[in-house]
Amino acid sequence: MRILTSLLTIIILVAAGASSRADGKPEAQSPVAGKPAPDFTLKDLAGKDVKLSSFKGKVIVLEWFNPGCPFVKRSHTVGSLVDTAKRHTKAGVVWLAINSGAPGKQGNDLATNTEAVKTWSLTHPILRDEAGTVGKAYGATNTPNMFVINKAGTVVYAGAIDNSPDGEGKSAEGGTLINYVDAALGDLAAGRAVATAVTKPYGCSVKYGS
C-alpha cells in the first residue's frame, strides 16, 4: 500500500511540474502545435475562395484578425505587425489573416475590414470565418493570435506575435522585444527546429458567436 501511495505521489508531482513553469504560471498550450494544420476553405473580402491546402509546400502564417480590437490596431500601427507580413511575403511566405468574428460582433462587418486593409496598407488576404469553425479548429483565442505552418504542413508555432502584451512593443517581458513570428520564420529559413513553439497569446478575445 505504501509503495502504491508513493507511486501516486510521484505521478502527481510530475504532472504538476509538467503543467507549470518555474515561476508557477501555467505553461502555454496549443491544440495544434506540432500537428498537421487543419485544412480549410474561406472566402476573402471579395468573396473569392481561399483554400489552405492550395499553398502546399510553402511556409504559411495565419494571423487571427479583428480590426476593431485595440490590440490589433496598435500592433498594426506601432507594434510588431507593422510591415511584418510584407517583409515575409516578399521572401515567399504565405500570409493569411482570418477574422472569426460572428455577424454583429466587433470587427466583423465587411466595410470595417475593407477600411483596415486600406488604412494599414495590407496586401495579404483577410478571410472571413463567421461561423468560427476554423478559429475553433486551431484553438484561436485572441486577436492577434499567430500560427506558423512549415512546408510539410505542420504547425510549428502558435501564440502571440511578440512578448509585449500592450501591443505596442513597449512592455517587452525581460526588457527585450521578441517578435515570435520573425524568430520562428528565421529558424525555418535556417533549417533549425523552432526554438519557441508555443506562447500565450494576448489581446482581445475572438468574437465567436457561441
# chains A, B, ... in the order shown; residues from 1 in each chain; ligands from 1
call {"tool": "residues_around", "arguments": {"residues": "range 115-129 of chain A", "least_positions_apart": "2", "cutoff": "7 Å", "atoms": "only C-alpha atoms", "output": "ChimeraX atom specification"}}
result
/A:42-45,67,76,95-101,111-113,131-134
call {"tool": "write_last_selection", "arguments": {"atoms": "N, CA, C and O atoms", "output": "mmCIF file, in the first residue's frame"}}
result
data_model
loop_
_atom_site.group_PDB
_atom_site.id
_atom_site.type_symbol
_atom_site.label_atom_id
_atom_site.label_comp_id
_atom_site.auth_asym_id
_atom_site.auth_seq_id
_atom_site.Cartn_x
_atom_site.Cartn_y
_atom_site.Cartn_z
ATOM 1 N N LEU A 42 -12.008 29.342 -46.978
ATOM 2 C CA LEU A 42 -12.739 30.521 -46.530
ATOM 3 C C LEU A 42 -12.761 31.550 -47.656
ATOM 4 O O LEU A 42 -11.893 31.552 -48.531
ATOM 5 N N LYS A 43 -13.724 32.435 -47.596
ATOM 6 C CA LYS A 43 -13.803 33.495 -48.597
ATOM 7 C C LYS A 43 -13.056 34.739 -48.129
ATOM 8 O O LYS A 43 -13.085 35.087 -46.944
ATOM 9 N N ASP A 44 -12.380 35.397 -49.091
ATOM 10 C CA ASP A 44 -11.732 36.658 -48.761
ATOM 11 C C ASP A 44 -12.746 37.792 -48.844
ATOM 12 O O ASP A 44 -13.950 37.554 -49.042
ATOM 13 N N LEU A 45 -12.310 39.017 -48.708
ATOM 14 C CA LEU A 45 -13.231 40.152 -48.676
ATOM 15 C C LEU A 45 -13.944 40.380 -50.003
ATOM 16 O O LEU A 45 -15.000 41.015 -50.049
ATOM 17 N N PRO A 67 -10.236 44.020 -36.851
ATOM 18 C CA PRO A 67 -9.839 45.414 -36.999
ATOM 19 C C PRO A 67 -10.424 46.353 -35.956
ATOM 20 O O PRO A 67 -9.977 47.489 -35.818
ATOM 21 N N HIS A 76 -0.760 46.897 -35.581
ATOM 22 C CA HIS A 76 -0.639 47.242 -37.000
ATOM 23 C C HIS A 76 -0.242 48.699 -37.246
ATOM 24 O O HIS A 76 0.062 49.057 -38.391
ATOM 25 N N TRP A 95 0.915 34.664 -46.231
ATOM 26 C CA TRP A 95 0.357 35.260 -45.008
ATOM 27 C C TRP A 95 -1.136 35.408 -45.195
ATOM 28 O O TRP A 95 -1.595 36.054 -46.130
ATOM 29 N N LEU A 96 -1.915 34.824 -44.283
ATOM 30 C CA LEU A 96 -3.371 34.883 -44.344
ATOM 31 C C LEU A 96 -3.918 35.386 -43.012
ATOM 32 O O LEU A 96 -3.591 34.830 -41.961
ATOM 33 N N ALA A 97 -4.727 36.442 -43.056
ATOM 34 C CA ALA A 97 -5.399 36.910 -41.853
ATOM 35 C C ALA A 97 -6.799 36.304 -41.821
ATOM 36 O O ALA A 97 -7.447 36.174 -42.863
ATOM 37 N N ILE A 98 -7.246 35.921 -40.642
ATOM 38 C CA ILE A 98 -8.555 35.278 -40.504
ATOM 39 C C ILE A 98 -9.374 36.014 -39.447
ATOM 40 O O ILE A 98 -8.918 36.199 -38.312
ATOM 41 N N ASN A 99 -10.568 36.422 -39.825
ATOM 42 C CA ASN A 99 -11.484 37.078 -38.890
ATOM 43 C C ASN A 99 -12.601 36.087 -38.547
ATOM 44 O O ASN A 99 -13.438 35.767 -39.380
ATOM 45 N N SER A 100 -12.581 35.593 -37.314
ATOM 46 C CA SER A 100 -13.581 34.619 -36.870
ATOM 47 C C SER A 100 -14.722 35.273 -36.108
ATOM 48 O O SER A 100 -15.490 34.594 -35.416
ATOM 49 N N GLY A 101 -14.856 36.585 -36.229
ATOM 50 C CA GLY A 101 -15.948 37.279 -35.561
ATOM 51 C C GLY A 101 -17.291 36.933 -36.181
ATOM 52 O O GLY A 101 -17.441 36.899 -37.404
ATOM 53 N N ALA A 111 -17.258 46.341 -44.325
ATOM 54 C CA ALA A 111 -16.735 47.691 -44.508
ATOM 55 C C ALA A 111 -15.565 47.985 -43.574
ATOM 56 O O ALA A 111 -14.564 48.593 -43.984
ATOM 57 N N THR A 112 -15.676 47.539 -42.332
ATOM 58 C CA THR A 112 -14.604 47.775 -41.356
ATOM 59 C C THR A 112 -13.331 47.049 -41.765
ATOM 60 O O THR A 112 -12.220 47.591 -41.652
ATOM 61 N N ASN A 113 -13.461 45.825 -42.249
ATOM 62 C CA ASN A 113 -12.297 45.064 -42.682
ATOM 63 C C ASN A 113 -11.670 45.680 -43.932
ATOM 64 O O ASN A 113 -10.444 45.767 -44.050
ATOM 65 N N ALA A 131 -18.630 31.618 -39.008
ATOM 66 C CA ALA A 131 -19.145 30.509 -38.196
ATOM 67 C C ALA A 131 -18.182 30.141 -37.070
ATOM 68 O O ALA A 131 -18.558 29.437 -36.126
ATOM 69 N N GLY A 132 -16.932 30.612 -37.179
ATOM 70 C CA GLY A 132 -15.939 30.323 -36.149
ATOM 71 C C GLY A 132 -15.355 28.929 -36.221
ATOM 72 O O GLY A 132 -14.562 28.536 -35.364
ATOM 73 N N THR A 133 -15.683 28.195 -37.267
ATOM 74 C CA THR A 133 -15.246 26.791 -37.376
ATOM 75 C C THR A 133 -13.730 26.673 -37.444
ATOM 76 O O THR A 133 -13.128 25.824 -36.772
ATOM 77 N N VAL A 134 -13.122 27.514 -38.251
ATOM 78 C CA VAL A 134 -11.669 27.442 -38.425
ATOM 79 C C VAL A 134 -10.952 27.929 -37.174
ATOM 80 O O VAL A 134 -9.982 27.316 -36.712
#
call {"tool": "residues_around", "arguments": {"residues": "range 173-183 of chain A", "least_positions_apart": "2", "cutoff": "7 Å", "atoms": "only C-alpha atoms", "output": "list in words"}}
result
Ser80, Ile161, Asp162, Asn163, Ser164, Gly169, Ser171, Leu185, Gly186 and Asp187 of chain A
call {"tool": "write_last_selection", "arguments": {"atoms": "N, CA, C and O atoms", "output": "mmCIF file, in the first residue's frame"}}
result
data_model
loop_
_atom_site.group_PDB
_atom_site.id
_atom_site.type_symbol
_atom_site.label_atom_id
_atom_site.label_comp_id
_atom_site.auth_asym_id
_atom_site.auth_seq_id
_atom_site.Cartn_x
_atom_site.Cartn_y
_atom_site.Cartn_z
ATOM 1 N N SER A 80 4.411 45.164 -33.511
ATOM 2 C CA SER A 80 5.183 44.166 -34.248
ATOM 3 C C SER A 80 4.565 43.690 -35.551
ATOM 4 O O SER A 80 5.192 42.928 -36.291
ATOM 5 N N ILE A 161 2.124 37.411 -31.155
ATOM 6 C CA ILE A 161 3.031 37.977 -32.151
ATOM 7 C C ILE A 161 4.375 38.326 -31.508
ATOM 8 O O ILE A 161 5.421 38.188 -32.130
ATOM 9 N N ASP A 162 4.323 38.746 -30.229
ATOM 10 C CA ASP A 162 5.563 39.120 -29.546
ATOM 11 C C ASP A 162 5.383 38.995 -28.039
ATOM 12 O O ASP A 162 4.357 38.505 -27.566
ATOM 13 N N ASN A 163 6.396 39.448 -27.314
ATOM 14 C CA ASN A 163 6.357 39.340 -25.852
ATOM 15 C C ASN A 163 6.033 40.679 -25.193
ATOM 16 O O ASN A 163 6.422 40.933 -24.055
ATOM 17 N N SER A 164 5.315 41.542 -25.921
ATOM 18 C CA SER A 164 4.930 42.851 -25.390
ATOM 19 C C SER A 164 3.410 42.949 -25.375
ATOM 20 O O SER A 164 2.796 43.376 -26.365
ATOM 21 N N GLY A 169 4.821 47.126 -28.348
ATOM 22 C CA GLY A 169 6.250 46.829 -28.294
ATOM 23 C C GLY A 169 6.984 47.581 -27.201
ATOM 24 O O GLY A 169 8.211 47.632 -27.185
ATOM 25 N N SER A 171 6.353 47.108 -23.744
ATOM 26 C CA SER A 171 6.326 46.436 -22.437
ATOM 27 C C SER A 171 6.879 45.019 -22.545
ATOM 28 O O SER A 171 6.331 44.081 -21.978
ATOM 29 N N LEU A 185 10.101 32.046 -38.210
ATOM 30 C CA LEU A 185 10.413 32.020 -39.646
ATOM 31 C C LEU A 185 11.920 32.019 -39.873
ATOM 32 O O LEU A 185 12.415 31.385 -40.813
ATOM 33 N N GLY A 186 12.654 32.693 -39.008
ATOM 34 C CA GLY A 186 14.108 32.670 -39.098
ATOM 35 C C GLY A 186 14.664 31.282 -38.849
ATOM 36 O O GLY A 186 15.587 30.826 -39.549
ATOM 37 N N ASP A 187 14.105 30.594 -37.857
ATOM 38 C CA ASP A 187 14.533 29.221 -37.579
ATOM 39 C C ASP A 187 14.256 28.312 -38.775
ATOM 40 O O ASP A 187 15.102 27.498 -39.169
#
call {"tool": "closest_atom_pairs", "arguments": {"of": "range 94-190 of chain A", "to": "range 31-36 of chain A", "cutoff": "10 Å", "atoms": "only C-alpha atoms", "output": "CSV"}}
result
residue,atom,partner,partner_atom,distance
A:Lys136,CA,A:Pro31,CA,9.8
A:Ala137,CA,A:Val32,CA,8.2
A:Tyr138,CA,A:Val32,CA,6.0
A:Gly139,CA,A:Pro31,CA,6.2
A:Ala140,CA,A:Pro31,CA,9.4
A:Phe147,CA,A:Ala33,CA,8.6
A:Val148,CA,A:Ala33,CA,9.2
A:Ile149,CA,A:Pro36,CA,8.5
A:Asn150,CA,A:Pro36,CA,9.6
A:Ala152,CA,A:Pro36,CA,8.3
A:Gly153,CA,A:Pro36,CA,5.6
A:Thr154,CA,A:Pro36,CA,4.3
A:Val155,CA,A:Ala33,CA,5.2
A:Val156,CA,A:Gly34,CA,5.7
A:Tyr157,CA,A:Ala33,CA,6.3
A:Ala158,CA,A:Ala33,CA,6.2
A:Gly159,CA,A:Ala33,CA,9.5
call {"tool": "write_last_selection", "arguments": {"atoms": "N, CA, C and O atoms", "output": "short mmCIF file (atom, residue, chain, number, x, y, z; two decimals), in the first residue's frame"}}
result
data_model
loop_
_atom_site.label_atom_id
_atom_site.label_comp_id
_atom_site.auth_asym_id
_atom_site.auth_seq_id
_atom_site.Cartn_x
_atom_site.Cartn_y
_atom_site.Cartn_z
N LYS A 136 -11.93 27.80 -34.11
CA LYS A 136 -12.02 26.78 -33.06
C LYS A 136 -11.16 25.57 -33.38
O LYS A 136 -10.61 24.93 -32.47
N ALA A 137 -11.03 25.25 -34.67
CA ALA A 137 -10.18 24.11 -35.06
C ALA A 137 -8.72 24.37 -34.68
O ALA A 137 -7.99 23.44 -34.33
N TYR A 138 -8.32 25.63 -34.74
CA TYR A 138 -6.94 25.99 -34.41
C TYR A 138 -6.78 26.36 -32.93
O TYR A 138 -5.66 26.56 -32.46
N GLY A 139 -7.89 26.48 -32.23
CA GLY A 139 -7.81 26.89 -30.83
C GLY A 139 -7.46 28.36 -30.71
O GLY A 139 -6.86 28.77 -29.70
N ALA A 140 -7.82 29.18 -31.70
CA ALA A 140 -7.54 30.62 -31.65
C ALA A 140 -8.39 31.26 -30.56
O ALA A 140 -9.61 31.09 -30.54
N PHE A 147 -0.10 31.73 -36.00
CA PHE A 147 0.27 30.34 -36.23
C PHE A 147 1.22 30.30 -37.43
O PHE A 147 0.97 30.95 -38.45
N VAL A 148 2.30 29.55 -37.29
CA VAL A 148 3.26 29.36 -38.38
C VAL A 148 3.23 27.90 -38.79
O VAL A 148 3.33 27.00 -37.94
N ILE A 149 3.08 27.67 -40.09
CA ILE A 149 2.99 26.32 -40.65
C ILE A 149 4.19 26.10 -41.55
O ILE A 149 4.47 26.93 -42.44
N ASN A 150 4.91 25.00 -41.35
CA ASN A 150 6.10 24.76 -42.19
C ASN A 150 5.73 24.14 -43.53
O ASN A 150 4.56 23.88 -43.82
N ALA A 152 6.03 21.29 -44.64
CA ALA A 152 5.44 19.95 -44.54
C ALA A 152 3.99 20.00 -44.06
O ALA A 152 3.33 18.95 -43.97
N GLY A 153 3.50 21.20 -43.75
CA GLY A 153 2.11 21.33 -43.32
C GLY A 153 1.89 21.18 -41.83
O GLY A 153 0.75 21.01 -41.38
N THR A 154 2.96 21.27 -41.05
CA THR A 154 2.87 21.12 -39.60
C THR A 154 2.89 22.49 -38.93
O THR A 154 3.65 23.37 -39.32
N VAL A 155 2.05 22.65 -37.92
CA VAL A 155 2.06 23.89 -37.14
C VAL A 155 3.29 23.88 -36.24
O VAL A 155 3.40 23.05 -35.34
N VAL A 156 4.22 24.80 -36.49
CA VAL A 156 5.47 24.83 -35.73
C VAL A 156 5.53 25.98 -34.74
O VAL A 156 6.44 26.04 -33.91
N TYR A 157 4.58 26.89 -34.83
CA TYR A 157 4.48 27.95 -33.83
C TYR A 157 3.02 28.33 -33.65
O TYR A 157 2.26 28.45 -34.62
N ALA A 158 2.64 28.57 -32.39
CA ALA A 158 1.29 29.04 -32.07
C ALA A 158 1.38 29.95 -30.86
O ALA A 158 2.00 29.59 -29.86
N GLY A 159 0.77 31.14 -30.98
CA GLY A 159 0.79 32.03 -29.84
C GLY A 159 0.74 33.50 -30.19
O GLY A 159 0.12 33.91 -31.17
#
call {"tool": "closest_residue", "arguments": {"among": "A:Gln106, A:Arg74, A:Leu81, A:Ala28", "to": "Val198 in chain A", "atoms": "only C-alpha atoms"}}
result
A:Ala28
call {"tool": "atom_distance", "arguments": {"atom1": "CA of Ala189 in chain A", "atom2": "CA of Thr84 in chain A"}}
result
15.7 Å
call {"tool": "residues_around", "arguments": {"residues": "Thr41 in chain A", "least_positions_apart": "5", "cutoff": "8 Å", "atoms": "only C-alpha atoms", "output": "CSV table (one decimal) with N, CA and C atoms, in the first residue's frame"}}
result
chain,number,residue,atom,x,y,z
A,49,ASP,N,-12.9,32.2,-52.9
A,49,ASP,CA,-12.5,31.1,-52.0
A,49,ASP,C,-11.0,31.0,-51.9
A,50,VAL,N,-10.5,30.8,-50.7
A,50,VAL,CA,-9.0,30.6,-50.5
A,50,VAL,C,-8.9,29.3,-49.7
A,51,LYS,N,-8.2,28.4,-50.2
A,51,LYS,CA,-8.0,27.0,-49.6
A,51,LYS,C,-6.6,26.9,-49.1
A,52,LEU,N,-6.5,26.5,-47.8
A,52,LEU,CA,-5.1,26.4,-47.2
A,52,LEU,C,-4.3,25.4,-48.0
call {"tool": "closest_residue", "arguments": {"among": "A:Asn108, A:Arg192, A:Ser75, A:Met146", "to": "Ser30 in chain A", "atoms": "only C-alpha atoms"}}
result
A:Met146
call {"tool": "select_by_dssp", "arguments": {"residues": "chain A", "states": "strand (DSSP E)", "output": "NGL selection string"}}
result
:A and (41-44 or 49-51 or 60-64 or 94-99 or 126-128 or 142-143 or 145-149 or 155-159 or 204-205)
call {"tool": "atom_distance", "arguments": {"atom1": "CA of His88 in chain A", "atom2": "CA of Lys170 in chain A"}}
result
22.9 Å
